[in-house]
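Text of run00.cif, listed as mmCIF, C-alpha atoms:
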data_data
#
loop_
_atom_site.group_PDB
_atom_site.id
_atom_site.type_symbol
_atom_site.label_atom_id
_atom_site.label_comp_id
_atom_site.auth_asym_id
_atom_site.auth_seq_id
_atom_site.Cartn_x
_atom_site.Cartn_y
_atom_site.Cartn_z
ATOM 1 C CA MET A 4 140.095 76.544 -143.477
ATOM 2 C CA LEU A 5 137.603 74.359 -145.302
ATOM 3 C CA PRO A 6 136.136 72.772 -142.133
ATOM 4 C CA PHE A 7 135.713 76.183 -140.509
ATOM 5 C CA GLY A 8 133.889 77.379 -143.614
ATOM 6 C CA CYS A 9 131.658 74.291 -143.485
ATOM 7 C CA ILE A 10 130.708 75.040 -139.898
ATOM 8 C CA PHE A 11 129.968 78.677 -140.707
ATOM 9 C CA GLY A 12 127.980 77.732 -143.825
ATOM 10 C CA ALA A 13 125.884 75.216 -141.919
ATOM 11 C CA ILE A 14 125.103 77.834 -139.286
ATOM 12 C CA ILE A 15 124.001 80.510 -141.759
ATOM 13 C CA SER A 16 122.149 78.180 -144.148
ATOM 14 C CA ASN A 17 118.899 78.213 -142.183
ATOM 15 C CA SER A 18 118.710 81.998 -142.118
ATOM 16 C CA LEU A 19 119.575 82.171 -145.829
ATOM 17 C CA ALA A 20 116.846 79.676 -146.696
ATOM 18 C CA ASN A 21 114.253 81.474 -144.588
ATOM 19 C CA LYS A 22 115.136 84.923 -145.881
ATOM 20 C CA PHE A 23 115.722 84.230 -149.589
ATOM 21 C CA GLY A 24 114.166 80.820 -150.207
ATOM 22 C CA ARG A 25 115.882 77.537 -150.940
ATOM 23 C CA LYS A 26 116.580 78.087 -154.633
ATOM 24 C CA LEU A 27 118.179 81.486 -154.131
ATOM 25 C CA ALA A 28 120.193 80.102 -151.214
ATOM 26 C CA PHE A 29 121.606 77.514 -153.636
ATOM 27 C CA VAL A 30 122.527 80.312 -156.048
ATOM 28 C CA ILE A 31 124.280 82.169 -153.220
ATOM 29 C CA ALA A 32 126.180 78.994 -152.326
ATOM 30 C CA ASP A 33 127.184 78.605 -155.981
ATOM 31 C CA CYS A 34 128.511 82.166 -155.995
ATOM 32 C CA PHE A 35 130.664 81.305 -152.975
ATOM 33 C CA THR A 36 131.933 78.249 -154.867
ATOM 34 C CA ILE A 37 132.842 80.217 -157.977
ATOM 35 C CA LEU A 38 134.568 82.956 -155.997
ATOM 36 C CA GLY A 39 136.460 80.378 -153.936
ATOM 37 C CA ALA A 40 137.628 78.595 -157.085
ATOM 38 C CA ILE A 41 138.846 81.860 -158.592
ATOM 39 C CA LEU A 42 140.716 82.751 -155.415
ATOM 40 C CA GLY A 43 142.315 79.302 -155.427
ATOM 41 C CA LEU A 44 144.115 80.156 -158.673
ATOM 42 C CA ILE A 45 146.119 82.985 -157.105
ATOM 43 C CA ASN A 46 149.551 82.065 -155.756
ATOM 44 C CA ASP A 47 149.268 83.834 -152.407
ATOM 45 C CA PRO A 48 148.752 81.453 -149.442
ATOM 46 C CA TYR A 49 146.368 83.796 -147.623
ATOM 47 C CA VAL A 50 144.217 84.244 -150.710
ATOM 48 C CA ILE A 51 144.134 80.471 -151.244
ATOM 49 C CA MET A 52 143.029 80.002 -147.625
ATOM 50 C CA SER A 53 140.291 82.578 -148.175
ATOM 51 C CA GLY A 54 139.162 80.646 -151.247
ATOM 52 C CA ARG A 55 139.074 77.428 -149.230
ATOM 53 C CA PHE A 56 137.005 79.164 -146.560
ATOM 54 C CA LEU A 57 134.508 80.358 -149.170
ATOM 55 C CA GLY A 58 134.357 76.861 -150.651
ATOM 56 C CA GLY A 59 133.682 75.509 -147.174
ATOM 57 C CA ILE A 60 130.816 77.944 -146.728
ATOM 58 C CA SER A 61 129.318 76.583 -149.940
ATOM 59 C CA VAL A 62 129.697 72.978 -148.792
ATOM 60 C CA GLY A 63 128.096 73.808 -145.432
ATOM 61 C CA ILE A 64 125.132 75.537 -147.027
ATOM 62 C CA ASN A 65 124.583 72.727 -149.526
ATOM 63 C CA SER A 66 124.919 69.971 -146.944
ATOM 64 C CA VAL A 67 122.044 71.447 -144.949
ATOM 65 C CA LEU A 68 119.783 72.578 -147.785
ATOM 66 C CA VAL A 69 120.010 69.648 -150.220
ATOM 67 C CA PRO A 70 118.164 67.104 -148.001
ATOM 68 C CA LEU A 71 115.435 69.662 -147.264
ATOM 69 C CA TYR A 72 115.046 70.528 -150.930
ATOM 70 C CA ILE A 73 114.914 66.871 -152.005
ATOM 71 C CA ASN A 74 112.271 66.185 -149.365
ATOM 72 C CA GLU A 75 110.167 69.090 -150.633
ATOM 73 C CA ILE A 76 110.272 68.166 -154.315
ATOM 74 C CA SER A 77 109.821 64.395 -153.963
ATOM 75 C CA PRO A 78 106.294 62.987 -154.295
ATOM 76 C CA SER A 79 104.595 62.047 -151.055
ATOM 77 C CA GLU A 80 104.229 58.365 -151.998
ATOM 78 C CA ILE A 81 108.018 57.889 -152.205
ATOM 79 C CA SER A 82 109.014 60.383 -149.533
ATOM 80 C CA GLY A 83 110.363 58.895 -146.315
#

Exercise: express the given structure as structure tokens:
Amino acid sequence: MLPFGCIFGAIISNSLANKFGRKLAFVIADCFTILGAILGLINDPYVIMSGRFLGGISVGINSVLVPLYINEISPSEISG
């Protein structure tokens, strides 16, 4: 379920960043991470898979937004 969540998170990350801004999109991704970790503690296989999916969404969002955010905050003389 984690790879499917990564794909879904990467797809929605652009719309999240445009609608809420990059910093708030990171906070939303962190909320998915926390909720996924909590769901991973429950001993039901379907709930654990849901937690993995939510964790994947967080990884997908972060993998798209982190390079953009680093490029924005780095000084122009060291930016590639």

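Nearest-residue note for Ser53 (chain A): choosing from A:Ser79, A:Phe11, A:Val67, A:Met4, the minimum distance belongs to A:Met4, counting only C-alpha atoms.
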
Margin query: Here's the selection I'm unsure about, the PyMOL selection byres ((chain A and resi 19) around 12); applied to the file above, which residues does it give, as a PyMOL selection string?
Written below: chain A and resi 12-18+20-32+61+63-65+67-68

Quick one: 3 Å padding each side, axis-aligned, all listed atoms of region 27-39 of chain A - centre and edge lengths in Å to one decimal, as lines of an AutoDock Vina configuration file?
center_x = 127.3
center_y = 80.2
center_z = -154.6
size_x = 24.3
size_y = 11.4
size_z = 12.8

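Here CA of Gly58 (chain A) and CA of Gly8 (chain A) stand 7.1 Å from one another.
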
Note to self: Could you list, as a ChimeraX atom specification, every residue within 12 Å of Arg55 (chain A), counting only C-alpha atoms and ignoring same-chain residues fewer than 6 positions away?
What the structure shows: /A:4-9,35-45,48-49,61-62

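Relative to CA of Met52 (chain A), CA of Pro70 (chain A) is found at 28.0 Å.
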
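Atom pair CA of Ile10 (chain A) / CA of Glu75 (chain A) has a distance of 23.9 Å (rounded to one decimal).
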
Assuming the input is short of atoms at region 16-27 of chain A, produce all heavy atoms for that part as a PDB file, in the coordinates of the input.
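Listing of out-v8.pdb after writing:
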ATOM      1  N   SER A  16     123.019  78.692-143.089  1.00  0.00           N
ATOM      2  CA  SER A  16     122.149  78.180-144.148  1.00  0.00           C
ATOM      3  C   SER A  16     120.670  78.308-143.810  1.00  0.00           C
ATOM      4  O   SER A  16     119.854  78.584-144.696  1.00  0.00           O
ATOM      5  CB  SER A  16     122.492  76.728-144.454  1.00  0.00           C
ATOM      6  OG  SER A  16     122.228  75.927-143.327  1.00  0.00           O
ATOM      7  N   ASN A  17     120.308  78.117-142.569  1.00  0.00           N
ATOM      8  CA  ASN A  17     118.899  78.213-142.183  1.00  0.00           C
ATOM      9  C   ASN A  17     118.381  79.637-142.373  1.00  0.00           C
ATOM     10  O   ASN A  17     117.289  79.843-142.900  1.00  0.00           O
ATOM     11  CB  ASN A  17     118.712  77.749-140.746  1.00  0.00           C
ATOM     12  CG  ASN A  17     117.258  77.633-140.369  1.00  0.00           C
ATOM     13  OD1 ASN A  17     116.412  77.461-141.232  1.00  0.00           O
ATOM     14  ND2 ASN A  17     116.976  77.733-139.086  1.00  0.00           N
ATOM     15  N   SER A  18     119.163  80.613-141.960  1.00  0.00           N
ATOM     16  CA  SER A  18     118.710  81.998-142.118  1.00  0.00           C
ATOM     17  C   SER A  18     118.680  82.401-143.591  1.00  0.00           C
ATOM     18  O   SER A  18     117.802  83.162-144.003  1.00  0.00           O
ATOM     19  CB  SER A  18     119.594  82.943-141.314  1.00  0.00           C
ATOM     20  OG  SER A  18     120.924  82.877-141.763  1.00  0.00           O
ATOM     21  N   LEU A  19     119.611  81.894-144.393  1.00  0.00           N
ATOM     22  CA  LEU A  19     119.575  82.171-145.829  1.00  0.00           C
ATOM     23  C   LEU A  19     118.328  81.572-146.474  1.00  0.00           C
ATOM     24  O   LEU A  19     117.670  82.223-147.287  1.00  0.00           O
ATOM     25  CB  LEU A  19     120.812  81.592-146.519  1.00  0.00           C
ATOM     26  CG  LEU A  19     122.089  82.392-146.498  1.00  0.00           C
ATOM     27  CD1 LEU A  19     123.207  81.599-147.160  1.00  0.00           C
ATOM     28  CD2 LEU A  19     121.920  83.706-147.180  1.00  0.00           C
ATOM     29  N   ALA A  20     118.011  80.339-146.109  1.00  0.00           N
ATOM     30  CA  ALA A  20     116.846  79.676-146.696  1.00  0.00           C
ATOM     31  C   ALA A  20     115.543  80.353-146.281  1.00  0.00           C
ATOM     32  O   ALA A  20     114.617  80.461-147.078  1.00  0.00           O
ATOM     33  CB  ALA A  20     116.826  78.206-146.295  1.00  0.00           C
ATOM     34  N   ASN A  21     115.475  80.802-145.043  1.00  0.00           N
ATOM     35  CA  ASN A  21     114.253  81.474-144.588  1.00  0.00           C
ATOM     36  C   ASN A  21     114.102  82.864-145.191  1.00  0.00           C
ATOM     37  O   ASN A  21     112.997  83.296-145.473  1.00  0.00           O
ATOM     38  CB  ASN A  21     114.238  81.569-143.068  1.00  0.00           C
ATOM     39  CG  ASN A  21     114.011  80.230-142.421  1.00  0.00           C
ATOM     40  OD1 ASN A  21     113.456  79.328-143.015  1.00  0.00           O
ATOM     41  ND2 ASN A  21     114.455  80.105-141.182  1.00  0.00           N
ATOM     42  N   LYS A  22     115.205  83.547-145.385  1.00  0.00           N
ATOM     43  CA  LYS A  22     115.136  84.923-145.881  1.00  0.00           C
ATOM     44  C   LYS A  22     114.967  84.987-147.400  1.00  0.00           C
ATOM     45  O   LYS A  22     114.171  85.765-147.907  1.00  0.00           O
ATOM     46  CB  LYS A  22     116.392  85.684-145.475  1.00  0.00           C
ATOM     47  CG  LYS A  22     116.355  87.143-145.796  1.00  0.00           C
ATOM     48  CD  LYS A  22     117.518  87.875-145.195  1.00  0.00           C
ATOM     49  CE  LYS A  22     117.386  89.363-145.448  1.00  0.00           C
ATOM     50  NZ  LYS A  22     118.484  90.110-144.870  1.00  0.00           N
ATOM     51  N   PHE A  23     115.716  84.143-148.133  1.00  0.00           N
ATOM     52  CA  PHE A  23     115.722  84.230-149.589  1.00  0.00           C
ATOM     53  C   PHE A  23     115.009  83.078-150.282  1.00  0.00           C
ATOM     54  O   PHE A  23     114.762  83.139-151.480  1.00  0.00           O
ATOM     55  CB  PHE A  23     117.163  84.281-150.106  1.00  0.00           C
ATOM     56  CG  PHE A  23     117.933  85.469-149.624  1.00  0.00           C
ATOM     57  CD1 PHE A  23     119.005  85.302-148.771  1.00  0.00           C
ATOM     58  CD2 PHE A  23     117.589  86.745-150.013  1.00  0.00           C
ATOM     59  CE1 PHE A  23     119.730  86.383-148.319  1.00  0.00           C
ATOM     60  CE2 PHE A  23     118.298  87.837-149.568  1.00  0.00           C
ATOM     61  CZ  PHE A  23     119.372  87.655-148.715  1.00  0.00           C
ATOM     62  N   GLY A  24     114.731  82.011-149.583  1.00  0.00           N
ATOM     63  CA  GLY A  24     114.166  80.820-150.207  1.00  0.00           C
ATOM     64  C   GLY A  24     115.269  79.831-150.531  1.00  0.00           C
ATOM     65  O   GLY A  24     116.440  80.173-150.598  1.00  0.00           O
ATOM     66  N   ARG A  25     114.880  78.581-150.745  1.00  0.00           N
ATOM     67  CA  ARG A  25     115.882  77.537-150.940  1.00  0.00           C
ATOM     68  C   ARG A  25     116.633  77.676-152.255  1.00  0.00           C
ATOM     69  O   ARG A  25     117.838  77.509-152.308  1.00  0.00           O
ATOM     70  CB  ARG A  25     115.225  76.167-150.871  1.00  0.00           C
ATOM     71  CG  ARG A  25     114.534  75.924-149.555  1.00  0.00           C
ATOM     72  CD  ARG A  25     114.796  74.563-149.005  1.00  0.00           C
ATOM     73  NE  ARG A  25     113.885  74.092-147.987  1.00  0.00           N
ATOM     74  CZ  ARG A  25     113.632  74.669-146.844  1.00  0.00           C
ATOM     75  NH1 ARG A  25     114.150  75.819-146.565  1.00  0.00           N
ATOM     76  NH2 ARG A  25     112.821  74.120-145.962  1.00  0.00           N
ATOM     77  N   LYS A  26     115.920  77.992-153.328  1.00  0.00           N
ATOM     78  CA  LYS A  26     116.580  78.087-154.633  1.00  0.00           C
ATOM     79  C   LYS A  26     117.599  79.225-154.669  1.00  0.00           C
ATOM     80  O   LYS A  26     118.705  79.050-155.176  1.00  0.00           O
ATOM     81  CB  LYS A  26     115.547  78.272-155.737  1.00  0.00           C
ATOM     82  CG  LYS A  26     114.733  77.036-156.012  1.00  0.00           C
ATOM     83  CD  LYS A  26     113.788  77.268-157.160  1.00  0.00           C
ATOM     84  CE  LYS A  26     112.941  76.042-157.389  1.00  0.00           C
ATOM     85  NZ  LYS A  26     112.002  76.222-158.490  1.00  0.00           N
ATOM     86  N   LEU A  27     117.241  80.365-154.133  1.00  0.00           N
ATOM     87  CA  LEU A  27     118.179  81.486-154.131  1.00  0.00           C
ATOM     88  C   LEU A  27     119.344  81.230-153.171  1.00  0.00           C
ATOM     89  O   LEU A  27     120.464  81.667-153.430  1.00  0.00           O
ATOM     90  CB  LEU A  27     117.465  82.784-153.773  1.00  0.00           C
ATOM     91  CG  LEU A  27     118.264  84.069-153.969  1.00  0.00           C
ATOM     92  CD1 LEU A  27     118.756  84.175-155.402  1.00  0.00           C
ATOM     93  CD2 LEU A  27     117.432  85.269-153.604  1.00  0.00           C
TER      94      LEU A  27
END
